[in-house]
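Peer 1: Below you'll find input_20.csv; it's CSV, C-alpha atoms.
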chain,number,residue,atom,x,y,z
N,8,MET,CA,-52.7,-4.0,48.5
N,9,MET,CA,-51.0,-3.0,51.7
N,10,ASN,CA,-47.9,-0.8,51.6
N,11,GLU,CA,-44.9,-2.4,53.1
N,12,SER,CA,-43.3,-0.6,56.0
N,13,PRO,CA,-39.7,0.5,55.5
N,14,GLU,CA,-37.0,-1.8,56.9
N,15,THR,CA,-36.0,-0.7,60.3
N,16,VAL,CA,-32.9,-1.4,62.4
N,17,GLU,CA,-32.1,-0.9,66.1
N,18,LEU,CA,-30.5,2.4,66.8
N,19,LYS,CA,-27.9,2.5,69.7
N,20,PRO,CA,-28.1,5.9,71.3
N,21,ASN,CA,-25.2,7.5,73.1
N,22,HIS,CA,-26.0,6.8,76.8
N,23,GLU,CA,-23.1,9.0,78.0
N,24,THR,CA,-24.6,12.2,76.6
N,25,ASN,CA,-28.2,10.9,76.3
N,26,THR,CA,-28.5,12.2,72.8
N,27,ILE,CA,-29.3,10.8,69.4
N,28,ALA,CA,-29.0,12.3,66.0
N,29,VAL,CA,-32.2,12.7,64.1
N,30,GLU,CA,-32.7,13.7,60.4
N,31,GLU,CA,-34.5,16.9,59.5
N,32,ASN,CA,-37.0,16.5,56.7
N,33,GLY,CA,-37.0,20.1,55.5
N,34,LYS,CA,-34.1,22.2,54.4
N,35,ARG,CA,-33.1,24.6,57.1
N,36,PRO,CA,-31.7,28.1,56.4
N,37,LEU,CA,-28.0,28.6,56.4
N,38,ASP,CA,-26.5,29.4,59.8
N,39,GLN,CA,-24.0,32.3,59.6
N,40,SER,CA,-22.1,30.8,62.5
N,41,GLU,CA,-21.0,27.7,60.6
N,42,ASP,CA,-19.6,26.9,57.2
N,43,ALA,CA,-22.2,27.0,54.4
N,44,CYS,CA,-21.5,23.4,53.4
N,45,GLU,CA,-21.2,21.9,56.8
N,46,SER,CA,-24.8,21.1,57.7
N,47,GLN,CA,-24.8,19.2,61.0
N,48,PRO,CA,-27.4,16.7,62.1
N,49,LYS,CA,-29.8,18.0,64.7
N,50,MET,CA,-29.2,16.6,68.2
N,51,CYS,CA,-32.1,16.1,70.6
N,52,LYS,CA,-32.3,14.8,74.1
N,53,LEU,CA,-33.9,11.5,74.6
N,54,ASP,CA,-35.2,9.9,77.8
N,55,ASN,CA,-35.1,6.2,78.4
N,56,GLU,CA,-38.8,5.8,77.5
N,57,SER,CA,-38.3,7.3,74.1
N,58,ASN,CA,-35.2,5.3,73.1
N,59,ALA,CA,-37.3,2.2,72.1
N,60,ASN,CA,-39.7,4.3,70.1
N,61,GLN,CA,-36.9,6.1,68.3
N,62,SER,CA,-35.2,2.9,67.3
N,63,ASN,CA,-38.3,1.7,65.5
N,64,THR,CA,-38.9,4.9,63.5
N,65,LEU,CA,-35.5,5.1,61.7
N,66,SER,CA,-35.1,3.1,58.5
N,67,LYS,CA,-31.8,1.6,57.5
N,68,ARG,CA,-31.2,4.4,55.0
N,69,GLN,CA,-31.9,7.1,57.5
N,70,LEU,CA,-29.5,5.5,60.0
N,71,LYS,CA,-26.8,5.3,57.4
N,72,LYS,CA,-27.2,8.9,56.5
N,73,ILE,CA,-27.0,9.9,60.2
N,74,GLN,CA,-23.8,7.8,60.6
N,75,LYS,CA,-22.2,9.6,57.7
N,76,GLN,CA,-23.1,13.0,59.2
N,77,GLN,CA,-21.6,11.9,62.5
N,78,MET,CA,-18.4,10.7,60.9
N,79,TRP,CA,-18.2,14.0,59.0
N,80,ILE,CA,-18.4,16.0,62.3
N,81,GLU,CA,-15.8,13.8,64.0
N,82,LYS,CA,-13.3,14.3,61.2
N,83,LYS,CA,-13.9,18.0,60.7
N,84,GLU,CA,-11.2,19.2,63.2
N,85,LYS,CA,-8.7,16.7,61.8
N,86,ARG,CA,-9.2,18.0,58.3
N,87,ARG,CA,-8.8,21.6,59.4
N,88,GLU,CA,-5.6,20.8,61.3
N,89,THR,CA,-4.2,18.9,58.2
N,90,ASN,CA,-5.0,21.9,56.0
N,91,LYS,CA,-3.3,24.3,58.4
N,92,GLU,CA,-0.2,22.1,58.5
N,93,ARG,CA,-0.1,21.9,54.7
N,94,LYS,CA,-0.3,25.7,54.4
N,95,VAL,CA,2.5,26.1,57.0
N,96,GLU,CA,4.7,23.6,55.2
N,97,MET,CA,4.1,25.4,51.9
N,98,LYS,CA,5.2,28.7,53.4
N,99,LYS,CA,8.3,27.2,54.8
N,100,ARG,CA,9.3,25.7,51.4
N,101,LYS,CA,8.7,29.0,49.7
N,102,ALA,CA,10.9,30.7,52.4
N,103,GLN,CA,13.6,28.2,51.7
N,104,MET,CA,13.4,28.9,48.0
N,105,ARG,CA,13.8,32.6,48.6
N,106,GLU,CA,16.8,32.1,50.8
N,107,SER,CA,18.4,29.9,48.2
N,108,GLY,CA,17.9,32.5,45.5
N,109,VAL,CA,15.2,30.6,43.7
N,110,GLU,CA,12.7,32.9,42.0
N,111,ILE,CA,9.1,31.9,42.6
N,112,PRO,CA,7.0,32.4,39.5
N,113,ILE,CA,4.1,34.9,40.0
N,114,VAL,CA,0.9,34.3,38.2
N,115,LYS,CA,-0.1,37.6,36.4
N,116,THR,CA,-3.8,38.2,36.1
N,117,LYS,CA,-5.6,40.7,34.0
N,118,LYS,CA,-9.0,42.3,34.9
N,119,MET,CA,-12.0,42.0,32.6
N,120,ALA,CA,-12.0,45.8,32.0
N,121,GLU,CA,-8.4,45.5,30.7
N,122,SER,CA,-9.1,42.5,28.5
N,123,THR,CA,-9.4,42.8,24.7
N,124,CYS,CA,-11.9,39.9,24.8
N,125,LYS,CA,-15.5,41.2,25.0
N,126,GLN,CA,-17.1,37.8,24.9
N,127,ARG,CA,-20.0,37.7,27.4
N,128,ILE,CA,-20.6,34.6,29.5
N,129,VAL,CA,-23.4,34.4,32.0
N,130,LEU,CA,-23.8,31.9,34.8
N,131,ASP,CA,-27.6,31.6,35.4
N,132,MET,CA,-27.9,31.2,39.2
N,133,SER,CA,-31.7,30.9,39.3
N,134,TYR,CA,-31.9,27.2,40.1
N,135,ASN,CA,-31.7,27.5,43.9
N,136,ASP,CA,-35.0,25.8,44.5
N,137,LEU,CA,-34.1,22.8,42.4
N,138,MET,CA,-30.9,21.9,44.4
N,139,SER,CA,-30.3,20.5,47.9
N,140,ASP,CA,-27.9,22.2,50.2
N,141,LYS,CA,-25.3,19.6,49.2
N,142,ASP,CA,-25.7,20.3,45.5
N,143,LEU,CA,-25.6,24.1,46.2
N,144,CYS,CA,-22.2,23.5,47.7
N,145,LYS,CA,-21.1,21.6,44.6
N,146,CYS,CA,-22.5,24.3,42.4
N,147,SER,CA,-20.6,27.1,44.3
N,148,ASN,CA,-17.4,25.0,44.0
N,149,GLN,CA,-17.8,24.7,40.2
N,150,VAL,CA,-18.6,28.4,39.9
N,151,LEU,CA,-15.5,29.3,41.8
N,152,ARG,CA,-13.4,27.2,39.4
N,153,CYS,CA,-15.0,29.2,36.5
N,154,TYR,CA,-13.8,32.4,38.2
N,155,GLY,CA,-10.3,31.0,38.6
N,156,LEU,CA,-10.2,29.9,35.0
N,157,ASN,CA,-11.3,33.3,33.8
N,158,ARG,CA,-8.7,35.1,36.0
N,159,ARG,CA,-5.9,33.0,34.5
N,160,MET,CA,-6.8,33.8,30.9
N,161,ASP,CA,-4.5,36.2,29.1
N,162,ASN,CA,-7.6,38.1,28.1
N,163,PRO,CA,-10.5,37.2,30.4
N,164,MET,CA,-14.0,36.9,29.1
N,165,GLN,CA,-16.7,39.1,30.5
N,166,LEU,CA,-18.2,37.0,33.3
N,167,TYR,CA,-21.7,37.7,34.7
N,168,PHE,CA,-23.6,36.1,37.6
N,169,CYS,CA,-27.3,36.6,36.9
N,170,SER,CA,-30.2,36.0,39.4
N,171,TYR,CA,-27.5,36.2,42.1
N,172,GLU,CA,-29.5,36.0,45.2
N,173,GLY,CA,-30.8,33.6,47.8
N,174,LYS,CA,-28.9,30.6,49.1
N,175,THR,CA,-26.3,30.7,46.3
N,176,LYS,CA,-25.4,34.3,47.3
N,177,GLU,CA,-25.2,33.3,51.0
N,178,ILE,CA,-22.8,30.4,50.3
N,179,MET,CA,-20.6,32.5,48.0
N,180,ALA,CA,-20.5,35.2,50.6
N,181,LYS,CA,-18.7,32.8,52.9
N,182,HIS,CA,-15.6,33.4,50.8
N,183,ASN,CA,-13.8,36.4,52.2
N,184,GLY,CA,-13.7,39.2,49.7
N,185,SER,CA,-16.0,37.5,47.2
N,186,GLU,CA,-17.9,40.8,46.8
N,187,SER,CA,-14.8,42.4,45.3
N,188,TRP,CA,-14.0,39.6,42.8
N,189,ASP,CA,-13.7,40.5,39.2
N,190,ILE,CA,-17.3,39.4,38.4
N,191,LYS,CA,-20.3,41.3,37.3
N,192,TYR,CA,-23.0,40.4,39.9
N,193,LEU,CA,-26.6,41.0,38.8
N,194,GLU,CA,-29.7,40.3,40.8
N,195,ASN,CA,-31.9,40.4,37.7
N,196,SER,CA,-32.4,37.5,35.5
N,197,PHE,CA,-30.4,37.4,32.3
N,198,ASP,CA,-33.4,38.1,30.0
N,199,LYS,CA,-33.8,41.5,31.8
N,200,GLU,CA,-30.2,42.4,31.3
N,201,PHE,CA,-29.6,41.4,27.7
N,202,LYS,CA,-31.5,41.6,24.4
N,203,LYS,CA,-33.3,38.3,23.5
N,204,GLU,CA,-31.8,38.2,20.0
N,205,GLU,CA,-28.3,38.2,21.6
N,206,ILE,CA,-28.9,35.3,24.0
N,207,VAL,CA,-27.9,31.7,23.4
N,208,TYR,CA,-28.7,29.2,26.2
N,209,LEU,CA,-26.2,26.3,26.3
N,210,THR,CA,-28.0,23.0,27.1
N,211,SER,CA,-27.2,19.4,26.3
N,212,ASP,CA,-30.8,18.8,25.6
N,213,SER,CA,-30.9,21.1,22.6
N,214,LEU,CA,-31.0,19.7,19.1
N,215,ASN,CA,-29.1,22.8,17.8
N,216,VAL,CA,-25.3,22.5,17.5
N,217,LEU,CA,-23.1,25.4,18.5
N,218,GLU,CA,-20.7,25.4,15.6
N,219,SER,CA,-18.8,28.6,16.4
N,220,ILE,CA,-18.5,31.3,19.1
N,221,ASP,CA,-19.9,34.7,18.2
N,222,GLU,CA,-18.5,37.7,20.1
N,223,ASN,CA,-21.8,39.5,19.7
N,224,LYS,CA,-23.8,36.8,21.4
N,225,VAL,CA,-24.3,36.2,25.1
N,226,TYR,CA,-23.9,32.6,26.1
N,227,ILE,CA,-25.8,31.3,29.2
N,228,ILE,CA,-24.5,28.4,31.3
N,229,GLY,CA,-27.1,27.1,33.7
N,230,GLY,CA,-25.8,27.0,37.3
N,231,LEU,CA,-27.5,23.7,38.1
N,232,VAL,CA,-26.1,20.5,39.7
N,233,ASP,CA,-29.0,18.0,39.5
N,234,HIS,CA,-27.6,14.5,38.8
N,235,ASN,CA,-30.1,14.2,36.0
N,236,SER,CA,-33.0,14.6,38.4
N,237,CYS,CA,-34.1,17.8,36.6
N,238,LYS,CA,-33.6,16.7,33.0
N,239,GLY,CA,-34.5,19.4,30.5
N,240,ALA,CA,-34.7,22.2,33.0
N,241,SER,CA,-32.5,24.6,31.1
N,242,LEU,CA,-34.1,23.8,27.8
N,243,ARG,CA,-37.5,24.6,29.3
N,244,VAL,CA,-36.2,27.9,30.5
N,245,ALA,CA,-35.0,28.8,27.0
N,246,ASN,CA,-38.2,27.7,25.3
N,247,ASP,CA,-40.4,29.6,27.9
N,248,LEU,CA,-38.4,32.8,27.2
N,249,GLY,CA,-38.4,32.3,23.5
N,250,ILE,CA,-34.6,32.5,23.2
N,251,ALA,CA,-32.1,30.6,21.1
N,252,HIS,CA,-30.5,27.5,22.6
N,253,ALA,CA,-27.7,25.1,21.5
N,254,ARG,CA,-25.5,22.3,22.7
N,255,LEU,CA,-21.7,21.9,22.5
N,256,PRO,CA,-20.5,19.9,19.5
N,257,ILE,CA,-19.5,16.9,21.6
N,258,ASP,CA,-21.0,14.2,19.3
N,259,GLU,CA,-19.3,15.7,16.3
N,260,HIS,CA,-15.8,15.2,17.8
N,261,ILE,CA,-15.9,12.7,20.6
N,262,ASN,CA,-17.6,9.4,21.5
N,263,MET,CA,-18.4,9.5,25.2
N,264,GLN,CA,-19.0,6.4,27.2
N,265,THR,CA,-21.0,8.3,29.9
N,266,ARG,CA,-23.8,10.8,29.7
N,267,LYS,CA,-23.0,14.1,27.9
N,268,ILE,CA,-24.0,16.4,30.8
N,269,LEU,CA,-20.9,18.3,31.8
N,270,THR,CA,-20.1,20.3,35.0
N,271,ILE,CA,-20.4,24.0,34.9
N,272,ASN,CA,-16.7,24.6,35.0
N,273,HIS,CA,-16.1,22.1,32.2
N,274,VAL,CA,-18.5,23.9,29.9
N,275,PHE,CA,-16.9,27.2,30.8
N,276,GLU,CA,-13.4,25.9,30.2
N,277,ILE,CA,-14.3,24.5,26.8
N,278,ILE,CA,-15.8,27.9,25.8
N,279,SER,CA,-12.8,29.8,27.1
N,280,LYS,CA,-10.4,27.6,25.1
N,281,VAL,CA,-12.4,28.0,21.9
N,282,VAL,CA,-12.5,31.8,22.5
N,283,SER,CA,-8.7,31.7,22.9
N,284,GLY,CA,-8.2,30.1,19.5
N,285,MET,CA,-8.4,26.4,20.0
N,286,SER,CA,-10.6,24.2,17.8
N,287,TRP,CA,-13.6,22.4,19.3
N,288,LYS,CA,-11.8,19.1,19.2
N,289,GLU,CA,-8.7,20.5,20.9
N,290,ALA,CA,-10.8,22.2,23.6
N,291,LEU,CA,-12.8,19.0,24.3
N,292,ILE,CA,-9.8,16.8,24.4
N,293,GLY,CA,-7.9,19.1,26.7
N,294,THR,CA,-10.8,19.6,29.1
N,295,LEU,CA,-12.9,16.4,29.5
N,296,PRO,CA,-11.6,13.9,32.1
N,297,LYS,CA,-10.5,10.5,30.6
N,298,ARG,CA,-13.2,8.7,32.5
N,299,LYS,CA,-15.8,10.5,30.4
N,300,MET,CA,-14.3,9.6,27.0
N,301,PHE,CA,-14.7,6.4,25.1
N,302,SER,CA,-12.8,7.5,22.0
N,303,VAL,CA,-12.0,10.5,19.8
N,304,ILE,CA,-13.3,10.6,16.3
N,305,ASP,CA,-9.8,10.7,14.8
N,306,GLU,CA,-7.3,8.1,16.0
N,307,GLU,CA,-4.3,10.4,15.8
N,308,ASP,CA,-6.1,12.8,18.1
N,309,LEU,CA,-6.9,10.0,20.4
N,310,LEU,CA,-3.2,9.1,20.7
N,311,GLU,CA,-2.4,12.8,21.3
N,312,TYR,CA,-5.0,12.9,24.0
N,313,GLU,CA,-3.6,9.9,25.8
N,314,ASN,CA,-0.3,11.7,26.1
N,315,CYS,CA,-1.6,15.1,27.0
N,316,SER,CA,-2.1,16.7,30.4
N,317,LEU,CA,-4.9,18.9,31.4
N,318,GLU,CA,-4.1,22.6,31.8
N,319,TYR,CA,-6.3,22.8,34.9
N,320,LYS,CA,-5.5,20.5,37.7
N,321,PRO,CA,-6.8,21.5,41.1
N,322,LYS,CA,-4.5,20.9,44.0
N,323,GLU,CA,-7.0,18.7,45.9
N,324,GLU,CA,-10.5,17.5,45.7
N,325,ILE,CA,-13.0,19.8,47.3
N,326,GLU,CA,-15.2,18.2,49.9
N,327,CYS,CA,-18.7,19.0,51.0
N,328,PRO,CA,-21.0,17.0,53.4
N,329,GLU,CA,-20.9,13.4,52.3
N,330,ALA,CA,-17.7,13.8,50.2
N,331,GLU,CA,-18.4,17.5,49.2
N,332,LYS,CA,-17.2,20.5,51.1
N,333,ILE,CA,-16.3,24.1,50.3
N,334,GLU,CA,-13.9,24.8,53.1
N,335,ASN,CA,-10.7,23.8,51.3
N,336,VAL,CA,-11.5,26.0,48.3
N,337,SER,CA,-9.9,29.5,48.0
N,338,VAL,CA,-9.3,31.9,45.3
N,339,GLU,CA,-5.5,31.6,45.9
N,340,ASN,CA,-5.7,27.8,45.4
N,341,VAL,CA,-7.7,28.1,42.2
N,342,ILE,CA,-5.8,31.1,40.6
N,343,GLU,CA,-2.3,30.3,41.8
N,344,GLN,CA,-2.3,26.6,41.3
N,345,ASN,CA,0.7,26.7,39.0
N,346,VAL,CA,2.8,28.3,41.7
N,347,SER,CA,4.1,25.4,43.8
N,348,VAL,CA,7.4,24.2,45.0
N,349,GLU,CA,6.9,20.9,43.2
N,350,ASN,CA,6.5,22.7,39.9
N,351,VAL,CA,9.8,24.5,40.4
N,352,LYS,CA,11.6,21.4,41.5
N,353,GLU,CA,10.5,19.7,38.3
N,354,GLN,CA,12.6,22.3,36.5
N,355,ASN,CA,15.7,20.8,38.0
N,356,VAL,CA,16.0,23.5,40.6
N,357,SER,CA,17.4,22.1,43.9
N,358,VAL,CA,16.4,23.6,47.2
N,359,GLU,CA,18.7,23.3,50.3
N,360,ASN,CA,16.9,21.8,53.2
Once more with this new file: its structure as structure tokens, please.

Peer 2:
Amino acid sequence: MMNESPETVELKPNHETNTIAVEENGKRPLDQSEDACESQPKMCKLDNESNANQSNTLSKRQLKKIQKQQMWIEKKEKRRETNKERKVEMKKRKAQMRESGVEIPIVKTKKMAESTCKQRIVLDMSYNDLMSDKDLCKCSNQVLRCYGLNRRMDNPMQLYFCSYEGKTKEIMAKHNGSESWDIKYLENSFDKEFKKEEIVYLTSDSLNVLESIDENKVYIIGGLVDHNSCKGASLRVANDLGIAHARLPIDEHINMQTRKILTINHVFEIISKVVSGMSWKEALIGTLPKRKMFSVIDEEDLLEYENCSLEYKPKEEIECPEAEKIENVSVENVIEQNVSVENVKEQNVSVEN
């Protein structure tokens, strides 16, 4: 049986610049001169003779991807200008508040060394080879949220990055001052840093239920964004190393209408709330977005959930190529999200224009 050729469409090249965007098959290394999450399509010169050949080699899917990349580049400068204007406006509002005698609340943070909480949480960053550049951007965004959550805790947990090398390290290095963040960076894998009997790998594929948090244990969260393409990857790691593994008690408290695979920062936030004294049900209800929840086991809790607001609300969605980008994320945005003029105005404080 003959293989059908992919559907092709005619590509209209840019005759003014005599260029056309072509898709690269392999992953190219990060360029230090550009943002880690802003991979641009390769531009190559075309002569008139090659235009016809090129139009017959691109499938509809490839053309659509190229068009998205081109739109991303065209809107890049506009996004940057919008972000700059937003920051300038925020500074002006804060200045007005100071002139009016309004006290701007300051978020106090405590370092891990000063914390009475010695619970160890490890983000396993060893999945570089299983993620595309786009997913690496998403992963770094989620990791940054974990850091912000930990910094805002009254008593931060002891946060480790293990297998911190390769592309993940390069992307995180794009954040100014990331090397001085209150995180314990380790290039070794977690099994070389901690005793095996202390380790518990958290994975949704495990049949074991995590019923309580033990301060003497080290809980591993896999730093993987895979869209279910690498199902069971973290469980295989745990089994290969012969270490304990468990899943969060989601089924015991909540009926979810979507799959039970959570983002890295959601898992971290749930653990942090339980460590801070919440029950599993309270932590799950206060963390999971409504779109993931079908119902809570107890109807009273469901009613309470519908009226509650999440403690963690990012100021804006983080974009990377094709709707995901790391440029708009900063430690200040994540840690000081509760300090805004809007929050102060909600407290019936008027500001003179």

Peer 1: Go ahead and compute the interatomic distance for CA of Pro163 in chain N and CA of Leu217 in chain N, in Å to one decimal.

Peer 2: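 The value is 21.0 Å.
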
Peer 1: Find the residue from N:Tyr134, N:Phe201, N:Phe168, N:Tyr154 that sits nearest to Lys118 in chain N; use all atoms listed in the file when measuring.

Peer 2: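 With all atoms listed in the file as the atom set, the closest residue is N:Tyr154.
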
Peer 1: Using only C-alpha atoms for the distances, tell me which of N:Asn272, N:Gln126, N:Gln74, N:Ser279 is nearest to Arg152 in chain N.

Peer 2: N:Asn272

Peer 1: If I take CA of Ile292 in chain N and CA of Ile261 in chain N, how far is one from the other in Å, to one decimal?

Peer 2: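 Answer for the CA of Ile292 in chain N to CA of Ile261 in chain N separation: 8.3 Å.
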
Peer 1: Excluding same-chain residues fewer than 2 positions from Asp131 in chain N, what lies within 6 Å of it counting all atoms listed in the file, as a ChimeraX atom specification?

Peer 2: /N:133,169,229-230

Peer 1: Separation of CA of Ser241 in chain N and CA of Leu143 in chain N, in Å?

Peer 2: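 Separation of CA of Ser241 in chain N and CA of Leu143 in chain N: 16.6 Å.
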
Peer 1: Residues near Val232 in chain N, anyone? I mean within 10 Å using all atoms listed in the file, not counting same-chain ones fewer than 4 positions away, as a list in words.

Peer 2: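 The filter keeps Tyr134, Asn135, Leu137, Met138, Ser139, Lys141, Asp142, Leu143, Cys144, Lys145, Cys146, Ser147, Gln149, Ser236, Cys237, Leu269, Thr270 and Ile271 of chain N.
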
Peer 1: Could you name the residues that touch Trp287 in chain N at 8 Å or less, counting all atoms listed in the file, but leaving out those on the same chain fewer than 5 positions away, as number ranges by chain?

Peer 2: N: 256, 260, 277, 281

Peer 1: Would you please work out which residue, of N:Gly155, N:Gly239, N:Gly249, N:Gly184, is nearest to Asp198 in chain N when using only C-alpha atoms?

Peer 2: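 Of N:Gly155, N:Gly239, N:Gly249, N:Gly184, the one nearest Asp198 in chain N is N:Gly249, counting only C-alpha atoms.
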
Peer 1: Which is closer to Trp188 in chain N than all the others in N:Ile206, N:Val216, N:Leu151, N:Thr123, using all atoms listed in the file?

Peer 2: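 Looking at the shortest contact to Trp188 in chain N, the residue is N:Leu151.
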